[in-house]
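Asker: This is the structure I have questions about; it appears just below.
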Amino acid sequence: MHHRFRHKRAKPAQTPPPPAPIETSAPPGTPINAQVGELNSALVSILGKRVQGPKGEDLGRVVDLLADSEGRVRVAIIDFGGFLGVGTRRIAVDWPLLHFEPGNEDKPVRLDVNREKLQSAPEFKDSRRPRVLMPPDSAAATAEAPPATK
Amino acid sequence: MRKNGNPRSRESHSSNAAAARGLDWFNMFVANIQTGFGPFIAVYLSGQSWTQTAIGVALSIGTVSSMVSQVPAGALVDAIASKTRVAAFSVLVFTASAMMFAIYPIPLFVYLAEILHGISSCTLGPAIAAISLLIAGRFGMGIRLGRNARFAAIGNGMGAALMGACGQYISERAVFYLTAALTLPALLALVPLRHGAMERRHAQPHAERPGRLASLGVLVDRRLLLFCACAMLFTFANAPMLMLISGTLTAKGSNPSLLIAACIVLPQIIVALASPGVGRVAEERGRRLVLMVGFLMLPVRALFLATTTNPWLLLALQLLDGVAASCFGIMVPLIVSDLTARSGHFNLSLGAVGFAIGIGSTLSTPAAGWLADHFGMRLAFYGLALMGAAAVLLVVLFMPETRPQHEPQQETERRERPASTPALIEQPRCVSKTGS
């Protein structure tokens with residue numbers, strides 16, 4: 001199987017995974033004393049964001065985000081193709097494959113995958129364990145050791 | 001109820017011609033507008049950061065409200081004397097819905113817009129059919145509906161092209177502004193339908209206004225129920241095909257969006273070309289023939305689709321869809337008018353058929369999707385072929401000819417009645433009472 005990923009960067013996990021929800025010693029369901037503060041980084045809205053390929057081609061838009069049982073975002077669902085809403089196809093994409101341009105709110109998310117690759121990826125069907133388009137190295141890793149669930 | 005004098009004056013003739021042209025344009029613009037309310041809404045709302053669940057809810061609200069209002073809306077249109085006013089009002093509601101989508105796509109407005117659009121679609125369809133009946137009369141109805149279908153198909157095709165371009169090059173929001181803007185020419189097209197020949201005949205479909213019990217009787221007419229079943233099966237087999245095809249195209253084609261657009265527009269071109277002929281054949285050779293030909297396209301198309309994933313072949317098979325769509329689109333209002341035009345419950349009955357069609361399309365898309373997911377595309381198409389074949393059998397074995405027996409009457413001054421033809425198929429079981 002040949003991978004035609006345009007994987008320019010040597011360091012694969014560019015986007016650090018978001019921290020898991022804080023652990024509290026209190027029993028679940030107890031309200032904590034939450035405070036209002038300010039985050040030190042600018043944020044972007046993800047749902048509905050357009051996705052662009054490496055050559056700037058339109059690859060659809062992000063329509064959903066899936067998190068694992070620890071609350072980490074693992075997968076973005078990209079709605080792709082179609083005409084006037086007919087024949088669109090939803091594809092699950094590994095979160096680290098998406099690249100964001102900090103400070104530019106309107107800029108589409110970049111996905112360094114060519115169109116054909118995205119087209120031929122299996123359609124996402126609301127599954128708990130979807131088949132995901134992922135970088136070649138992590139695809140190999142998960143194939144060896146599927147992550148334990150529950 | 002007015003009964004005016006001689007409607008055959010030259011003035012009335014020209015106003016009738018103007019009314020006919022107005023109806024042509026109206027059909028076209030309404031089809032234009034309806035494109036904006038199609039599946040594109042899901043695309044637009046995802047762009048507005050709507051979640052998939054919320055979009056599903058919004059679309060379901062639309063489906064449910066149109067299903068629920070089919071029959072009551074039909075009854076309402078029956079009860080209102082001026083069908084033109086119903087049509088105009090429905091279009092104004094479209095304007096409001098489109099503006100709600102465009103200006104403020106928050107859940108409240110989107111849900112409201114979906115409900116309003118669902119209901120007014122249900123009043124608009126019957127109103128157009130009723131206006132057609134008023135303009136053409138019972139014996140010119142087939143020809144008239146052929147014309148309606150032609151102009152609606154032109155509108156559909158143009159709408160898809162226009163709105164596809166609008167969404168691509170301007171913005172997705174702009175599609176809804178365009179939709180709202182297109183309601184204006186639709187309203188203008190109604191102007192010649194406002195008075196003149198139209199008004200004089202308003203009383204006609206209400207000639208005999210039976211009581212409430214009798215109106216239930218219309219709905220249990222065996223032929224109408226049979227036709228409802230045929231229509232439901234047809235839609236069940238037909239509705240998911242484009243979805244399945246376009247799924248394949250998105251996965252395989254080199255330019256899927258363009259191919260899908262072609263798959264949408266090509267049948268419309270066929271409908272535009274074929275419909276007048278189909279309407280004429282229905283008048284000359286009877287409804288059963290047209291119904292059988294149109295229905296036969298379904299299993300044939302599904303069987304072919306099961307055997308190929310070649311994009312160009314898929315596109316070519318859309319030609320059959322055009323033929324089927326043309327036959328079905330004309331036969332629904334025509335057969336209903338055959339059965340019930342005299343009863344004063346034309347629109348109620350049309351609503352009942354609309355309800356059956358709604359059930360068919362609502363059930364079939366998930367069913368076909370499920371089949372495709374679990375057993376593969378081929379089996380899904382075989383399933384649809386089976387349903388299509390069942391629809392054909394139902395027509396062949398049970399559906400009677402409904403073409404009214406013609407007795408020369410002063411039904412209408414623009415009688416485009418063909419030379420009398422012997423009943424080709426079987427002796428019409430429906431010999432409508434043509435007294436007026």
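Lettering and numbering for the structure tokens are positional, with chains as A, B, ... in the shown order, residues counted from 1 in each chain, and ligands counted from 1 in the shown order.
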Neighbouring residues of A:Pro102 were defined as those with any atom within 12 Å, considering only C-alpha atoms; residues of the same chain fewer than 2 positions away were excluded. Please report them as a PyMOL selection string.
Answerer: chain A and resi 15+41-45+99-100+104-110
Asker: Would you export the selected residues with C-alpha atoms as a PDB file, in the first residue's frame, please?
Answerer:
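Writing done, so here's result.pdb:
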```pdb
ATOM      1  CA  THR A  15      -1.087  20.534  17.171  1.00  0.00           C
ATOM      2  CA  SER A  41      -4.274  32.276  23.139  1.00  0.00           C
ATOM      3  CA  ALA A  42      -6.661  33.408  20.454  1.00  0.00           C
ATOM      4  CA  LEU A  43      -9.316  30.836  19.516  1.00  0.00           C
ATOM      5  CA  VAL A  44     -11.133  29.965  16.331  1.00  0.00           C
ATOM      6  CA  SER A  45     -14.567  28.535  15.805  1.00  0.00           C
ATOM      7  CA  HIS A  99      -3.662  22.793  10.484  1.00  0.00           C
ATOM      8  CA  PHE A 100      -4.789  26.147  11.726  1.00  0.00           C
ATOM      9  CA  ASN A 104      -6.437  34.581  10.969  1.00  0.00           C
ATOM     10  CA  GLU A 105      -9.997  33.805  11.874  1.00  0.00           C
ATOM     11  CA  ASP A 106     -11.332  33.643   8.328  1.00  0.00           C
ATOM     12  CA  LYS A 107      -8.649  31.434   6.925  1.00  0.00           C
ATOM     13  CA  PRO A 108      -9.857  27.917   6.144  1.00  0.00           C
ATOM     14  CA  VAL A 109      -8.394  24.960   7.962  1.00  0.00           C
ATOM     15  CA  ARG A 110      -5.657  23.308   5.969  1.00  0.00           C
TER      16      ARG A 110
END
```
Asker: Rank A:Leu59, A:Val132, A:Val75, A:Leu47 by their smallest atom-to-atom distance to chain B, using only C-alpha atoms, and report the top residue only.
Answerer: A:Leu47
Asker: Using only C-alpha atoms, I'd like a table of the residues in chain A that come within 9 Å of chain B; for each, show the closest atom pair and its distance in Å rounded to one decimal, ordered by chain and ascending number, as a Markdown table.
Answerer:
```
| residue | atom | partner | partner_atom | distance |
| --- | --- | --- | --- | --- |
| A:Ser45 | CA | B:Ser49 | CA | 8.3 |
| A:Ile46 | CA | B:Ser49 | CA | 7.8 |
| A:Leu47 | CA | B:Ser49 | CA | 4.8 |
| A:Gly48 | CA | B:Gly47 | CA | 4.2 |
| A:Lys49 | CA | B:Gly47 | CA | 6.8 |
| A:Arg50 | CA | B:Gly47 | CA | 8.0 |
| A:Arg61 | CA | B:Gly47 | CA | 7.5 |
| A:Val62 | CA | B:Ser46 | CA | 8.1 |
| A:Val63 | CA | B:Ser46 | CA | 6.0 |
| A:Asp64 | CA | B:Thr51 | CA | 6.7 |
| A:Asp79 | CA | B:Val43 | CA | 8.8 |
| A:Phe80 | CA | B:Thr250 | CA | 8.3 |
| A:Gly81 | CA | B:Ser257 | CA | 6.1 |
| A:Gly82 | CA | B:Ser257 | CA | 4.9 |
| A:Phe83 | CA | B:Ser257 | CA | 5.0 |
| A:Leu84 | CA | B:Phe40 | CA | 4.6 |
| A:Gly85 | CA | B:Phe40 | CA | 4.4 |
| A:Val86 | CA | B:Pro39 | CA | 6.3 |
| A:Gly87 | CA | B:Ser246 | CA | 4.5 |
| A:Thr88 | CA | B:Gly247 | CA | 7.0 |
| A:Arg89 | CA | B:Gly247 | CA | 6.9 |
| A:Glu116 | CA | B:Ser254 | CA | 8.2 |
| A:Leu118 | CA | B:Ala251 | CA | 8.6 |
| A:Gln119 | CA | B:Ala251 | CA | 5.0 |
| A:Ser120 | CA | B:Ala251 | CA | 5.5 |
| A:Ala121 | CA | B:Ala251 | CA | 8.0 |
| A:Pro122 | CA | B:Ala251 | CA | 8.7 |
| A:Glu123 | CA | B:Ala251 | CA | 8.9 |
| A:Lys125 | CA | B:Asp373 | CA | 8.7 |
```
Asker: Convert the current residue selection to file output with C-alpha atoms, as a PDB file, in the first residue's frame.
Answerer:
```pdb
ATOM      1  CA  SER A  45     -14.567  28.535  15.805  1.00  0.00           C
ATOM      2  CA  ILE A  46     -14.302  25.145  14.146  1.00  0.00           C
ATOM      3  CA  LEU A  47     -17.809  24.016  13.261  1.00  0.00           C
ATOM      4  CA  GLY A  48     -18.678  25.100   9.762  1.00  0.00           C
ATOM      5  CA  LYS A  49     -15.114  26.075   8.948  1.00  0.00           C
ATOM      6  CA  ARG A  50     -14.001  25.497   5.397  1.00  0.00           C
ATOM      7  CA  ARG A  61     -16.089  21.928   5.702  1.00  0.00           C
ATOM      8  CA  VAL A  62     -15.863  20.752   9.283  1.00  0.00           C
ATOM      9  CA  VAL A  63     -19.303  19.718  10.472  1.00  0.00           C
ATOM     10  CA  ASP A  64     -18.562  17.820  13.661  1.00  0.00           C
ATOM     11  CA  ASP A  79     -18.489  17.211   4.808  1.00  0.00           C
ATOM     12  CA  PHE A  80     -17.166  17.020   1.319  1.00  0.00           C
ATOM     13  CA  GLY A  81     -18.340  17.214  -2.270  1.00  0.00           C
ATOM     14  CA  GLY A  82     -21.840  17.204  -3.652  1.00  0.00           C
ATOM     15  CA  PHE A  83     -23.858  19.835  -5.449  1.00  0.00           C
ATOM     16  CA  LEU A  84     -26.360  22.028  -3.634  1.00  0.00           C
ATOM     17  CA  GLY A  85     -26.331  19.534  -0.783  1.00  0.00           C
ATOM     18  CA  VAL A  86     -26.951  16.475  -2.952  1.00  0.00           C
ATOM     19  CA  GLY A  87     -24.324  13.751  -2.734  1.00  0.00           C
ATOM     20  CA  THR A  88     -22.194  15.178   0.037  1.00  0.00           C
ATOM     21  CA  ARG A  89     -19.992  12.716   1.829  1.00  0.00           C
ATOM     22  CA  GLU A 116      -8.547  11.838  -4.417  1.00  0.00           C
ATOM     23  CA  LEU A 118     -10.245  12.287   0.703  1.00  0.00           C
ATOM     24  CA  GLN A 119     -12.701  11.112  -1.945  1.00  0.00           C
ATOM     25  CA  SER A 120     -11.749   7.499  -1.570  1.00  0.00           C
ATOM     26  CA  ALA A 121     -11.783   7.521   2.230  1.00  0.00           C
ATOM     27  CA  PRO A 122     -14.670   5.542   3.712  1.00  0.00           C
ATOM     28  CA  GLU A 123     -17.810   7.497   4.467  1.00  0.00           C
ATOM     29  CA  LYS A 125     -21.616   6.666   9.359  1.00  0.00           C
TER      30      LYS A 125
END
```
Asker: Return as a PyMOL selection string the full set of residues in stretch 173-406 of chain B whose backbone-based DSSP assignment is alpha helix (DSSP H).
Answerer: chain B and resi 173-189+197-200+212-219+222-252+256-285+287-307+311-340+346-375+377-398
Asker: Set the distance at 9 Å and use only C-alpha atoms: which residues neighbour B:Arg173 once local chain neighbours fewer than 4 positions away are removed? I'd like the list as a ChimeraX atom specification.
Answerer: /B:44,101-103,167,177-178
Asker: Take the residues from that selection and put them in a file with N, CA and C atoms, as a tab-separated table (two decimals), in the first residue's frame.
Answerer:
```tsv
chain	number	residue	atom	x	y	z
B	44	TYR	N	-25.92	25.08	3.94
B	44	TYR	CA	-25.91	26.44	4.47
B	44	TYR	C	-25.82	26.44	5.99
B	101	PHE	N	-34.20	32.55	6.62
B	101	PHE	CA	-32.96	31.78	6.46
B	101	PHE	C	-31.78	32.72	6.23
B	102	ALA	N	-32.00	33.72	5.38
B	102	ALA	CA	-30.88	34.56	4.97
B	102	ALA	C	-30.44	35.49	6.09
B	103	ILE	N	-31.41	36.12	6.76
B	103	ILE	CA	-31.03	37.19	7.67
B	103	ILE	C	-30.60	36.65	9.03
B	167	GLY	N	-24.02	30.00	-4.79
B	167	GLY	CA	-23.38	29.46	-3.60
B	167	GLY	C	-21.88	29.35	-3.76
B	177	TYR	N	-31.11	34.98	-0.38
B	177	TYR	CA	-31.56	36.29	-0.89
B	177	TYR	C	-32.07	36.13	-2.31
B	178	LEU	N	-31.36	35.32	-3.09
B	178	LEU	CA	-31.80	35.08	-4.47
B	178	LEU	C	-33.18	34.42	-4.47
```
Asker: Please provide as a PDB file with N, CA and C atoms, in the first residue's frame all residues within 7 Å of stretch 321-332 of chain B, with the sequence filter that same-chain residues fewer than 5 positions apart are discarded (counting only C-alpha atoms).
Answerer:
```pdb
ATOM      1  N   LEU B 145     -51.217  20.392 -18.127  1.00  0.00           N
ATOM      2  CA  LEU B 145     -50.253  19.877 -17.145  1.00  0.00           C
ATOM      3  C   LEU B 145     -48.917  19.575 -17.804  1.00  0.00           C
ATOM      4  N   GLY B 146     -48.955  19.177 -19.063  1.00  0.00           N
ATOM      5  CA  GLY B 146     -47.708  18.999 -19.801  1.00  0.00           C
ATOM      6  C   GLY B 146     -46.936  20.298 -19.865  1.00  0.00           C
ATOM      7  N   ALA B 149     -45.491  21.136 -16.468  1.00  0.00           N
ATOM      8  CA  ALA B 149     -44.297  20.345 -16.163  1.00  0.00           C
ATOM      9  C   ALA B 149     -43.105  20.879 -16.934  1.00  0.00           C
ATOM     10  N   PRO B 267     -32.210  15.311 -16.224  1.00  0.00           N
ATOM     11  CA  PRO B 267     -33.620  14.891 -16.243  1.00  0.00           C
ATOM     12  C   PRO B 267     -34.571  16.066 -16.443  1.00  0.00           C
ATOM     13  N   GLN B 268     -34.184  17.231 -15.925  1.00  0.00           N
ATOM     14  CA  GLN B 268     -35.051  18.402 -16.094  1.00  0.00           C
ATOM     15  C   GLN B 268     -35.159  18.784 -17.563  1.00  0.00           C
ATOM     16  N   ILE B 270     -34.939  16.699 -20.012  1.00  0.00           N
ATOM     17  CA  ILE B 270     -35.833  15.709 -20.623  1.00  0.00           C
ATOM     18  C   ILE B 270     -37.284  16.040 -20.294  1.00  0.00           C
ATOM     19  N   VAL B 271     -37.538  16.382 -19.036  1.00  0.00           N
ATOM     20  CA  VAL B 271     -38.912  16.726 -18.657  1.00  0.00           C
ATOM     21  C   VAL B 271     -39.407  17.908 -19.489  1.00  0.00           C
ATOM     22  N   ALA B 274     -40.039  16.574 -23.029  1.00  0.00           N
ATOM     23  CA  ALA B 274     -41.012  15.499 -23.248  1.00  0.00           C
ATOM     24  C   ALA B 274     -42.415  15.837 -22.749  1.00  0.00           C
ATOM     25  N   SER B 275     -42.511  16.709 -21.744  1.00  0.00           N
ATOM     26  CA  SER B 275     -43.796  16.863 -21.060  1.00  0.00           C
ATOM     27  C   SER B 275     -44.980  17.221 -21.946  1.00  0.00           C
ATOM     28  N   VAL B 278     -46.044  14.131 -23.532  1.00  0.00           N
ATOM     29  CA  VAL B 278     -46.620  13.202 -22.561  1.00  0.00           C
ATOM     30  C   VAL B 278     -48.066  13.600 -22.245  1.00  0.00           C
ATOM     31  N   GLY B 279     -48.270  14.901 -22.058  1.00  0.00           N
ATOM     32  CA  GLY B 279     -49.621  15.381 -21.788  1.00  0.00           C
ATOM     33  C   GLY B 279     -50.567  15.046 -22.932  1.00  0.00           C
ATOM     34  N   VAL B 290     -49.449   6.061 -20.212  1.00  0.00           N
ATOM     35  CA  VAL B 290     -48.398   6.963 -19.732  1.00  0.00           C
ATOM     36  C   VAL B 290     -47.873   6.506 -18.379  1.00  0.00           C
ATOM     37  N   LEU B 291     -48.811   6.120 -17.536  1.00  0.00           N
ATOM     38  CA  LEU B 291     -48.444   5.670 -16.201  1.00  0.00           C
ATOM     39  C   LEU B 291     -47.532   4.448 -16.280  1.00  0.00           C
ATOM     40  N   GLY B 294     -44.047   5.436 -17.666  1.00  0.00           N
ATOM     41  CA  GLY B 294     -43.283   6.176 -16.657  1.00  0.00           C
ATOM     42  C   GLY B 294     -42.812   5.269 -15.535  1.00  0.00           C
ATOM     43  N   PHE B 295     -43.701   4.420 -15.075  1.00  0.00           N
ATOM     44  CA  PHE B 295     -43.358   3.546 -13.950  1.00  0.00           C
ATOM     45  C   PHE B 295     -42.320   2.506 -14.356  1.00  0.00           C
ATOM     46  N   MET B 297     -39.876   2.829 -16.188  1.00  0.00           N
ATOM     47  CA  MET B 297     -38.518   3.378 -16.176  1.00  0.00           C
ATOM     48  C   MET B 297     -37.799   3.041 -14.879  1.00  0.00           C
TER      49      MET B 297
END
```
Asker: Just the residues within 6 Å of stretch 93-99 of chain B, please, counting only C-alpha atoms, with nothing from its chain fewer than 3 positions along; format it as a list in words.
Answerer: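 Answer for this query is Ser90, Ala102, Ile103, Ala113, His117, Phe176 and Ala180 of chain B.
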Asker: Could you write out the selected residues, including N, CA and C atoms, as a PDB file, in the first residue's frame?
Answerer:
```
ATOM      1  N   SER B  90     -49.154  31.877  -0.719  1.00  0.00           N
ATOM      2  CA  SER B  90     -48.131  30.852  -0.495  1.00  0.00           C
ATOM      3  C   SER B  90     -46.760  31.365  -0.895  1.00  0.00           C
ATOM      4  N   ALA B 102     -32.000  33.719   5.379  1.00  0.00           N
ATOM      5  CA  ALA B 102     -30.882  34.564   4.970  1.00  0.00           C
ATOM      6  C   ALA B 102     -30.440  35.486   6.094  1.00  0.00           C
ATOM      7  N   ILE B 103     -31.408  36.121   6.757  1.00  0.00           N
ATOM      8  CA  ILE B 103     -31.028  37.188   7.673  1.00  0.00           C
ATOM      9  C   ILE B 103     -30.601  36.650   9.031  1.00  0.00           C
ATOM     10  N   ALA B 113     -39.226  28.933   9.648  1.00  0.00           N
ATOM     11  CA  ALA B 113     -39.165  29.006   8.190  1.00  0.00           C
ATOM     12  C   ALA B 113     -39.470  27.645   7.578  1.00  0.00           C
ATOM     13  N   HIS B 117     -42.585  27.037   5.198  1.00  0.00           N
ATOM     14  CA  HIS B 117     -42.343  26.544   3.848  1.00  0.00           C
ATOM     15  C   HIS B 117     -43.061  25.220   3.603  1.00  0.00           C
ATOM     16  N   PHE B 176     -30.180  32.388  -0.458  1.00  0.00           N
ATOM     17  CA  PHE B 176     -31.508  32.631   0.098  1.00  0.00           C
ATOM     18  C   PHE B 176     -32.028  34.019  -0.250  1.00  0.00           C
ATOM     19  N   ALA B 180     -35.465  34.590  -2.201  1.00  0.00           N
ATOM     20  CA  ALA B 180     -36.470  35.590  -1.831  1.00  0.00           C
ATOM     21  C   ALA B 180     -36.752  36.522  -3.000  1.00  0.00           C
TER      22      ALA B 180
END
```
Asker: Quick one: distance from atom CA of A:Glu101 to atom CA of B:Ala54 in Å, one decimal?
Answerer: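 Between atom CA of A:Glu101 and atom CA of B:Ala54 the gap is 28.1 Å.
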Asker: What gap, in Å, lies between atom CA of B:Ala129 and atom CA of B:Phe29?
Answerer: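 Going from atom CA of B:Ala129 over to atom CA of B:Phe29 covers 15.4 Å.
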Asker: Skip B:Arg138 itself and residues of its chain fewer than 2 positions away, then list as a PyMOL selection string all residues within 8 Å of it, counting only C-alpha atoms.
Answerer: chain B and resi 133+136+140-141+337-338+341+411
Asker: Mind writing the picked residues with N, CA and C atoms as a short mmCIF file (atom, residue, chain, number, x, y, z; two decimals), in the first residue's frame?
Answerer:
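Once written, result_12.cif looks like this:
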```
data_model
loop_
_atom_site.label_atom_id
_atom_site.label_comp_id
_atom_site.auth_asym_id
_atom_site.auth_seq_id
_atom_site.Cartn_x
_atom_site.Cartn_y
_atom_site.Cartn_z
N LEU B 133 -56.73 23.74 -13.86
CA LEU B 133 -58.04 23.18 -14.18
C LEU B 133 -58.99 24.28 -14.60
N ALA B 136 -57.74 25.46 -18.20
CA ALA B 136 -57.81 24.53 -19.32
C ALA B 136 -59.12 23.76 -19.38
N GLY B 140 -58.90 19.77 -21.31
CA GLY B 140 -57.61 20.27 -21.77
C GLY B 140 -56.55 20.10 -20.71
N MET B 141 -56.90 19.40 -19.65
CA MET B 141 -56.04 19.33 -18.47
C MET B 141 -54.70 18.64 -18.77
N SER B 337 -57.52 14.85 -11.03
CA SER B 337 -58.57 15.70 -11.60
C SER B 337 -59.61 14.84 -12.31
N ASP B 338 -59.18 13.76 -12.96
CA ASP B 338 -60.14 12.84 -13.57
C ASP B 338 -61.13 12.32 -12.53
N ALA B 341 -62.44 16.05 -10.06
CA ALA B 341 -62.62 17.45 -10.44
C ALA B 341 -64.05 17.91 -10.22
N GLU B 411 -67.67 22.93 -22.15
CA GLU B 411 -66.75 22.89 -21.00
C GLU B 411 -65.80 24.08 -21.01
#
```
Asker: Which residue is closest to B:Phe227? Choose from B:Leu134, B:Ala75, B:Ile154, B:Leu394 and count only C-alpha atoms.
Answerer: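 Among the listed residues, B:Leu394 lies closest to B:Phe227.
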